[in-house]
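Visitor: One structure follows; several queries about it will come next.
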Amino acid sequence: MTISSVLSPTPSYPVRAPRRAEATAAPAGPADAVSLSAGPAEVPKARSLAATGQATAEAAAGAPLRMLLIGPPGSGKGTQANIVKRFFHPDHISTGQILRDNIAQGTELGKQAEPYVKQGVLVPDSIMLPMVDKRLEETDSFVLDGFPRSKAQAEHLDATLARLGKPLTCVSNLDVSDATVTKRLLERGRPDDTPEIIAERLRIYHDQTEPVIAHYQAQGLLDQIPAEGKVPEVGYNLILSLNRRQRED
Ligand code: AMP
């Protein structure tokens, strides 16, 4: 499998459902999960994604992925992080999930964060920054999802990674409209997915988080990933862009 065959616009395989033997032989990747939820029209995409992962694994050997996944609430960061994880095997650090776990377990951190998470506003940096620093100290390869959410958090992150000698390899922005994410979040129905809280989270996203995109664009690290489409399509474009980045390093 060569990179050029993966990037080729003409599929190099017949368009049909994979046989069991082929499915077993496929590299560890999201193809199975994708195929389960995908309609017939998406199967070729899922197969392309598996092929992309194979090339990715070859290209990425020895180069630790250290990436940020940014995008508005409902842009699919968690879902796409899981796809990245299956191809590149980074640690998945989701700040929202860490906070929800702490809230569920009733820890001190959870008690402090809960009122902010409930209202859909940013948890103060005095709580967030030490929490993220600790996770970053424990890992060499990561996909960070949900952080940084402000210019101040981005600057802190840059300083932490410089101190740890673990520079970022790429920043992927999931580019999707407010209308699409609002629809998705209402369907998802988490406790903070009510119309009022979604509106507040989007307002905060545009006001505070969007400047982070320009911050990393200026560092030459940013890739825009169109994210209006279905999971396999977005994942395919994301894995391709990471593959390119990892090959540049
Ligand atoms: P998420 O799962 O990323 O949508 O995050 C859920 C909630 O956790 C957010 O609405 C915030 O209240 C809080 N949160 C997650 N990440 C951060 C962060 N980097 N800074 C401040 N608050 C955060």
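Labels for the structure tokens follow display order: chains A, B, ..., residues from 1 in each chain, ligands from 1.
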Could you tell me, counting only C-alpha atoms and all ligand atoms, which protein and nucleic acid residues lie no more than 6 Å from ligand 1, written as an mmCIF file with all heavy atoms, in the first residue's frame?
Guide:
```
data_model
loop_
_atom_site.group_PDB
_atom_site.id
_atom_site.type_symbol
_atom_site.label_atom_id
_atom_site.label_comp_id
_atom_site.auth_asym_id
_atom_site.auth_seq_id
_atom_site.Cartn_x
_atom_site.Cartn_y
_atom_site.Cartn_z
ATOM 1 N N PRO A 73 -18.733 22.920 20.023
ATOM 2 C CA PRO A 73 -19.416 21.780 20.626
ATOM 3 C C PRO A 73 -20.278 21.111 19.561
ATOM 4 O O PRO A 73 -20.904 21.796 18.746
ATOM 5 C CB PRO A 73 -20.296 22.410 21.723
ATOM 6 C CG PRO A 73 -20.308 23.878 21.464
ATOM 7 C CD PRO A 73 -19.060 24.195 20.680
ATOM 8 N N THR A 95 -10.888 17.078 27.899
ATOM 9 C CA THR A 95 -11.074 17.827 29.153
ATOM 10 C C THR A 95 -12.533 17.755 29.620
ATOM 11 O O THR A 95 -12.796 17.636 30.818
ATOM 12 C CB THR A 95 -10.618 19.296 29.003
ATOM 13 O OG1 THR A 95 -11.172 19.847 27.808
ATOM 14 C CG2 THR A 95 -9.111 19.394 28.966
ATOM 15 N N GLY A 96 -13.477 17.799 28.671
ATOM 16 C CA GLY A 96 -14.897 17.693 29.049
ATOM 17 C C GLY A 96 -15.173 16.358 29.730
ATOM 18 O O GLY A 96 -15.876 16.300 30.751
ATOM 19 N N GLN A 97 -14.601 15.282 29.191
ATOM 20 C CA GLN A 97 -14.829 13.954 29.757
ATOM 21 C C GLN A 97 -14.177 13.825 31.140
ATOM 22 O O GLN A 97 -14.771 13.260 32.057
ATOM 23 C CB GLN A 97 -14.278 12.872 28.800
ATOM 24 C CG GLN A 97 -14.747 11.465 29.137
ATOM 25 C CD GLN A 97 -16.273 11.347 29.146
ATOM 26 O OE1 GLN A 97 -16.939 11.760 28.209
ATOM 27 N NE2 GLN A 97 -16.825 10.818 30.231
ATOM 28 N N TYR A 116 -20.099 25.219 36.605
ATOM 29 C CA TYR A 116 -19.707 25.812 35.320
ATOM 30 C C TYR A 116 -20.147 24.900 34.166
ATOM 31 O O TYR A 116 -20.699 25.360 33.173
ATOM 32 C CB TYR A 116 -18.187 26.023 35.255
ATOM 33 C CG TYR A 116 -17.665 26.904 36.354
ATOM 34 C CD1 TYR A 116 -17.113 26.359 37.505
ATOM 35 C CD2 TYR A 116 -17.743 28.293 36.244
ATOM 36 C CE1 TYR A 116 -16.638 27.168 38.526
ATOM 37 C CE2 TYR A 116 -17.270 29.108 37.256
ATOM 38 C CZ TYR A 116 -16.720 28.538 38.395
ATOM 39 O OH TYR A 116 -16.265 29.350 39.401
ATOM 40 N N VAL A 117 -19.883 23.604 34.320
ATOM 41 C CA VAL A 117 -20.238 22.646 33.254
ATOM 42 C C VAL A 117 -21.748 22.655 33.046
ATOM 43 O O VAL A 117 -22.238 22.652 31.911
ATOM 44 C CB VAL A 117 -19.717 21.225 33.596
ATOM 45 C CG1 VAL A 117 -20.204 20.207 32.568
ATOM 46 C CG2 VAL A 117 -18.193 21.217 33.679
ATOM 47 N N GLY A 120 -22.748 25.497 31.024
ATOM 48 C CA GLY A 120 -22.136 25.561 29.694
ATOM 49 C C GLY A 120 -21.116 26.678 29.566
ATOM 50 O O GLY A 120 -20.813 27.115 28.455
ATOM 51 N N VAL A 121 -20.584 27.146 30.690
ATOM 52 C CA VAL A 121 -19.541 28.194 30.618
ATOM 53 C C VAL A 121 -18.185 27.570 30.944
ATOM 54 O O VAL A 121 -18.104 26.447 31.452
ATOM 55 C CB VAL A 121 -19.844 29.382 31.572
ATOM 56 C CG1 VAL A 121 -21.175 30.029 31.200
ATOM 57 C CG2 VAL A 121 -19.856 28.947 33.027
ATOM 58 N N LEU A 122 -17.119 28.304 30.651
ATOM 59 C CA LEU A 122 -15.779 27.743 30.837
ATOM 60 C C LEU A 122 -15.444 27.598 32.326
ATOM 61 O O LEU A 122 -15.693 28.510 33.125
ATOM 62 C CB LEU A 122 -14.722 28.621 30.157
ATOM 63 C CG LEU A 122 -14.790 28.696 28.624
ATOM 64 C CD1 LEU A 122 -13.582 29.458 28.072
ATOM 65 C CD2 LEU A 122 -14.892 27.323 27.977
ATOM 66 N N VAL A 123 -14.874 26.463 32.657
ATOM 67 C CA VAL A 123 -14.373 26.225 34.009
ATOM 68 C C VAL A 123 -13.117 27.092 34.168
ATOM 69 O O VAL A 123 -12.312 27.203 33.228
ATOM 70 C CB VAL A 123 -14.048 24.718 34.174
ATOM 71 C CG1 VAL A 123 -13.384 24.432 35.510
ATOM 72 C CG2 VAL A 123 -15.324 23.880 34.006
ATOM 73 N N MET A 128 -8.493 24.272 35.397
ATOM 74 C CA MET A 128 -8.189 23.563 34.133
ATOM 75 C C MET A 128 -6.689 23.372 33.902
ATOM 76 O O MET A 128 -6.252 22.303 33.474
ATOM 77 C CB MET A 128 -8.753 24.352 32.929
ATOM 78 C CG MET A 128 -10.251 24.440 32.873
ATOM 79 S SD MET A 128 -11.077 22.844 32.968
ATOM 80 C CE MET A 128 -10.448 22.016 31.529
ATOM 81 N N GLY A 146 -10.902 19.447 23.299
ATOM 82 C CA GLY A 146 -11.613 20.351 24.218
ATOM 83 C C GLY A 146 -10.704 21.341 24.927
ATOM 84 O O GLY A 146 -11.161 22.119 25.751
ATOM 85 N N PHE A 147 -9.440 21.332 24.596
ATOM 86 C CA PHE A 147 -8.455 22.239 25.193
ATOM 87 C C PHE A 147 -7.386 22.517 24.145
ATOM 88 O O PHE A 147 -6.939 21.564 23.494
ATOM 89 C CB PHE A 147 -7.812 21.579 26.424
ATOM 90 C CG PHE A 147 -6.934 22.500 27.226
ATOM 91 C CD1 PHE A 147 -7.410 23.147 28.348
ATOM 92 C CD2 PHE A 147 -5.612 22.716 26.837
ATOM 93 C CE1 PHE A 147 -6.582 23.994 29.085
ATOM 94 C CE2 PHE A 147 -4.801 23.570 27.563
ATOM 95 C CZ PHE A 147 -5.288 24.200 28.688
ATOM 96 N N PRO A 148 -6.957 23.758 23.941
ATOM 97 C CA PRO A 148 -7.334 24.973 24.649
ATOM 98 C C PRO A 148 -8.638 25.558 24.108
ATOM 99 O O PRO A 148 -8.968 25.405 22.947
ATOM 100 C CB PRO A 148 -6.161 25.907 24.350
ATOM 101 C CG PRO A 148 -5.613 25.446 23.037
ATOM 102 C CD PRO A 148 -5.881 23.981 22.954
ATOM 103 N N ARG A 149 -9.330 26.272 24.993
ATOM 104 C CA ARG A 149 -10.590 26.898 24.600
ATOM 105 C C ARG A 149 -10.502 28.416 24.651
ATOM 106 O O ARG A 149 -11.523 29.100 24.514
ATOM 107 C CB ARG A 149 -11.696 26.437 25.535
ATOM 108 C CG ARG A 149 -12.504 25.251 24.990
ATOM 109 C CD ARG A 149 -13.538 24.925 26.023
ATOM 110 N NE ARG A 149 -14.752 24.344 25.559
ATOM 111 C CZ ARG A 149 -14.977 23.030 25.523
ATOM 112 N NH1 ARG A 149 -14.023 22.186 25.793
ATOM 113 N NH2 ARG A 149 -16.159 22.595 25.191
#
```
Visitor: Once DSSP has gone over the backbone, tell me which residues of stretch 78-228 of chain A are in strand (DSSP E), as JSON, numbers by chain.
Guide: {"A": [91, 92, 93, 94, 142, 143, 144, 145, 170, 171, 172, 173, 174, 175, 222, 223, 224, 225, 226]}
Visitor: Using only C-alpha atoms for the distances, tell me which of A:Ser241, A:Thr180, A:Gln119, A:Gln246 is nearest to A:Asp193.
Guide: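 Among A:Ser241, A:Thr180, A:Gln119, A:Gln246, it is A:Gln119 that comes nearest to A:Asp193.
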Visitor: Hey, what's within 10 Å of A:Asp140 if we count only C-alpha atoms and toss same-chain stuff fewer than 4 positions away? As a list in words, please?
Guide: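 Selected residues are Pro64, Leu65, Arg66, Pro90, Asp91, Leu136, Leu164, Gly165, Lys166 and Pro167 of chain A.
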Visitor: With distances taken over only C-alpha atoms, which of A:Leu144, A:Ala104, A:Leu129, A:Ala159 is nearest to A:Leu69?
Guide: A:Leu144
Visitor: Residues of stretch 132-179 of chain A that approach stretch 208-222 of chain A to 8 Å or less, counting only C-alpha atoms: could you list each one with the shortest pair of atoms and its distance in Å to one decimal, rows by chain and increasing residue number, as CSV?
Guide:
```
residue,atom,partner,partner_atom,distance
A:Pro148,CA,A:Val212,CA,7.4
A:Arg149,CA,A:Thr209,CA,4.6
A:Ser150,CA,A:Thr209,CA,4.7
A:Lys151,CA,A:Val212,CA,5.4
A:Ala154,CA,A:Val212,CA,6.6
A:Leu168,CA,A:Leu221,CA,8.0
A:Thr169,CA,A:Leu221,CA,7.1
A:Cys170,CA,A:Leu221,CA,4.9
A:Val171,CA,A:Leu222,CA,4.8
A:Ser172,CA,A:Leu222,CA,5.9
A:Asn173,CA,A:Leu222,CA,7.2
```
Visitor: So how many Å separate atom CA of A:Leu185 and atom CA of A:Arg86, to one decimal?
Guide: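 Result for atom CA of A:Leu185 versus atom CA of A:Arg86: 24.4 Å, one decimal.
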Visitor: Can you work out which one of A:Ile93, A:Lys118, A:Leu99, A:Pro226 has the shortest atom-to-atom distance to A:Ile197, counting only C-alpha atoms?
Guide: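 Of the candidates, the smallest distance to A:Ile197 is held by A:Lys118.
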Visitor: For A:Pro72, find every residue with an atom within 9 Å (counting only C-alpha atoms), except residues of its own chain fewer than 2 positions away, and show them as a PyMOL selection string.
Guide: chain A and resi 70+74-77+174-178+181+201-202+205-206+209-210
Visitor: Mind writing the picked residues with N, CA and C atoms as a compact mmCIF listing (two decimals), in the first residue's frame?
Guide:
```txt
# COMPACT_ATOMS: atom_id res chain seq x y z
N ILE A 70 -9.71 20.80 17.55
CA ILE A 70 -10.57 21.90 17.98
C ILE A 70 -11.79 22.01 17.08
N GLY A 74 -20.26 19.79 19.52
CA GLY A 74 -21.07 19.08 18.52
C GLY A 74 -20.38 18.91 17.18
N SER A 75 -19.10 19.31 17.08
CA SER A 75 -18.41 19.18 15.79
C SER A 75 -17.88 17.76 15.60
N GLY A 76 -17.98 16.93 16.65
CA GLY A 76 -17.54 15.54 16.51
C GLY A 76 -16.13 15.30 17.01
N LYS A 77 -15.65 16.14 17.91
CA LYS A 77 -14.26 15.99 18.39
C LYS A 77 -14.04 14.62 19.05
N LEU A 174 -12.16 21.21 13.24
CA LEU A 174 -13.35 20.64 12.60
C LEU A 174 -14.28 21.80 12.26
N ASP A 175 -14.40 22.05 10.97
CA ASP A 175 -15.09 23.24 10.48
C ASP A 175 -16.54 22.90 10.14
N VAL A 176 -17.47 23.44 10.95
CA VAL A 176 -18.88 23.07 10.80
C VAL A 176 -19.75 24.23 11.27
N SER A 177 -20.96 24.36 10.68
CA SER A 177 -21.81 25.51 10.97
C SER A 177 -22.54 25.36 12.31
N ASP A 178 -22.96 26.51 12.85
CA ASP A 178 -23.75 26.50 14.09
C ASP A 178 -25.03 25.71 13.91
N VAL A 181 -24.31 21.92 14.14
CA VAL A 181 -23.96 21.42 15.48
C VAL A 181 -25.15 21.52 16.44
N ARG A 201 -22.98 27.95 24.90
CA ARG A 201 -21.70 27.32 24.57
C ARG A 201 -21.19 27.79 23.21
N LEU A 202 -22.12 27.98 22.26
CA LEU A 202 -21.70 28.46 20.93
C LEU A 202 -21.22 29.91 21.01
N TYR A 205 -17.88 29.80 22.40
CA TYR A 205 -16.97 29.25 21.38
C TYR A 205 -16.51 30.36 20.42
N HIS A 206 -17.48 31.10 19.87
CA HIS A 206 -17.11 32.14 18.89
C HIS A 206 -16.28 33.25 19.54
N THR A 209 -13.01 30.81 21.93
CA THR A 209 -12.23 29.67 21.39
C THR A 209 -11.77 29.92 19.96
N GLU A 210 -12.58 30.61 19.17
CA GLU A 210 -12.20 30.82 17.76
C GLU A 210 -10.83 31.49 17.59
```
Visitor: Excluding A:Gln112 and any residue of its chain fewer than 5 positions from it, enumerate the residues within 9 Å of it, using only C-alpha atoms, and give them as a list in words.
Guide: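 Counting only the stated atoms, we get Ile103, Thr107, Val123 and Ile127 of chain A.
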Visitor: What's the 12 Å shell around A:Pro130, counting only C-alpha atoms, without same-chain residues fewer than 3 positions away, as a PyMOL selection string?
Guide: chain A and resi 95+109+124-127+133-137+153+156-157+160
Visitor: Export all heavy atoms of the chosen residues as a compact mmCIF listing (two decimals), in the first residue's frame?
Guide:
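Generated output (again-v2.txt):
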```txt
# COMPACT_ATOMS: atom_id res chain seq x y z
N THR A 95 -10.89 17.08 27.90
CA THR A 95 -11.07 17.83 29.15
C THR A 95 -12.53 17.76 29.62
O THR A 95 -12.80 17.64 30.82
CB THR A 95 -10.62 19.30 29.00
OG1 THR A 95 -11.17 19.85 27.81
CG2 THR A 95 -9.11 19.39 28.97
N LEU A 109 -12.38 18.17 42.64
CA LEU A 109 -12.32 18.87 41.35
C LEU A 109 -13.71 18.89 40.70
O LEU A 109 -14.16 19.90 40.17
CB LEU A 109 -11.31 18.14 40.44
CG LEU A 109 -10.90 18.82 39.14
CD1 LEU A 109 -9.48 18.39 38.77
CD2 LEU A 109 -11.82 18.54 37.99
N PRO A 124 -12.92 27.73 35.35
CA PRO A 124 -11.79 28.66 35.50
C PRO A 124 -10.43 27.99 35.24
O PRO A 124 -10.25 26.80 35.53
CB PRO A 124 -11.89 29.11 36.96
CG PRO A 124 -13.30 28.86 37.35
CD PRO A 124 -13.78 27.70 36.55
N ASP A 125 -9.51 28.78 34.74
CA ASP A 125 -8.17 28.27 34.42
C ASP A 125 -7.44 27.74 35.66
O ASP A 125 -6.59 26.86 35.54
CB ASP A 125 -7.32 29.37 33.76
CG ASP A 125 -7.73 29.55 32.29
OD1 ASP A 125 -8.54 28.75 31.79
OD2 ASP A 125 -7.22 30.50 31.65
N SER A 126 -7.77 28.28 36.82
CA SER A 126 -7.11 27.80 38.04
C SER A 126 -7.39 26.31 38.26
O SER A 126 -6.60 25.61 38.88
CB SER A 126 -7.58 28.61 39.26
OG SER A 126 -8.99 28.53 39.36
N ILE A 127 -8.50 25.82 37.72
CA ILE A 127 -8.83 24.39 37.81
C ILE A 127 -8.28 23.66 36.57
O ILE A 127 -7.68 22.59 36.67
CB ILE A 127 -10.37 24.19 37.88
CG1 ILE A 127 -10.92 24.84 39.15
CG2 ILE A 127 -10.74 22.70 37.81
CD1 ILE A 127 -12.45 24.84 39.23
N ASP A 133 -1.99 20.07 32.59
CA ASP A 133 -0.53 19.92 32.70
C ASP A 133 -0.17 18.53 33.20
O ASP A 133 0.75 17.88 32.69
CB ASP A 133 0.05 20.96 33.67
CG ASP A 133 0.14 22.34 33.02
OD1 ASP A 133 -0.27 22.46 31.85
OD2 ASP A 133 0.62 23.27 33.69
N LYS A 134 -0.92 18.06 34.21
CA LYS A 134 -0.63 16.76 34.81
C LYS A 134 -0.78 15.65 33.76
O LYS A 134 0.09 14.79 33.63
CB LYS A 134 -1.60 16.53 35.98
CG LYS A 134 -1.35 15.27 36.74
CD LYS A 134 -2.15 15.27 38.05
CE LYS A 134 -2.03 13.94 38.76
NZ LYS A 134 -2.64 12.83 38.00
N ARG A 135 -1.85 15.73 32.96
CA ARG A 135 -2.05 14.70 31.92
C ARG A 135 -0.93 14.74 30.88
O ARG A 135 -0.48 13.71 30.40
CB ARG A 135 -3.39 14.91 31.19
CG ARG A 135 -4.59 14.79 32.08
CD ARG A 135 -4.84 13.33 32.45
NE ARG A 135 -5.78 13.24 33.53
CZ ARG A 135 -6.82 12.42 33.56
NH1 ARG A 135 -7.02 11.58 32.56
NH2 ARG A 135 -7.63 12.42 34.58
N LEU A 136 -0.51 15.95 30.53
CA LEU A 136 0.52 16.06 29.49
C LEU A 136 1.87 15.55 29.98
O LEU A 136 2.65 15.01 29.19
CB LEU A 136 0.64 17.52 29.03
CG LEU A 136 -0.58 18.05 28.25
CD1 LEU A 136 -0.48 19.54 28.04
CD2 LEU A 136 -0.72 17.31 26.91
N GLU A 137 2.11 15.70 31.27
CA GLU A 137 3.38 15.19 31.82
C GLU A 137 3.45 13.67 31.71
O GLU A 137 4.52 13.10 31.60
CB GLU A 137 3.52 15.62 33.29
CG GLU A 137 4.01 17.05 33.43
CD GLU A 137 3.69 17.67 34.78
OE1 GLU A 137 3.44 16.90 35.75
OE2 GLU A 137 3.70 18.91 34.88
N GLN A 153 -5.41 29.92 27.39
CA GLN A 153 -5.13 28.48 27.55
C GLN A 153 -4.13 28.02 26.49
O GLN A 153 -3.25 27.20 26.77
CB GLN A 153 -6.42 27.65 27.44
CG GLN A 153 -7.34 27.80 28.64
CD GLN A 153 -8.53 26.84 28.61
OE1 GLN A 153 -8.73 26.09 27.65
NE2 GLN A 153 -9.33 26.87 29.66
N HIS A 156 -0.68 29.12 27.54
CA HIS A 156 -0.22 28.27 28.64
C HIS A 156 0.21 26.90 28.11
O HIS A 156 1.25 26.36 28.50
CB HIS A 156 -1.33 28.10 29.69
CG HIS A 156 -0.93 27.19 30.80
ND1 HIS A 156 -0.26 27.63 31.93
CD2 HIS A 156 -1.05 25.84 30.95
CE1 HIS A 156 0.00 26.60 32.71
NE2 HIS A 156 -0.48 25.49 32.14
N LEU A 157 -0.60 26.35 27.21
CA LEU A 157 -0.29 25.03 26.64
C LEU A 157 1.05 25.06 25.91
O LEU A 157 1.89 24.17 26.08
CB LEU A 157 -1.41 24.61 25.66
CG LEU A 157 -1.16 23.31 24.90
CD1 LEU A 157 -1.19 22.11 25.86
CD2 LEU A 157 -2.20 23.11 23.81
N THR A 160 3.79 25.00 28.44
CA THR A 160 3.92 23.68 29.08
C THR A 160 4.62 22.70 28.15
O THR A 160 5.55 21.99 28.55
CB THR A 160 2.53 23.12 29.45
OG1 THR A 160 1.94 23.97 30.42
CG2 THR A 160 2.63 21.70 30.01
```
Visitor: Quick one: pull the distance between atom CA of A:Leu161 and atom CA of A:Arg245, Å, one decimal.
Guide: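 Interatomic distance here is 18.5 Å.
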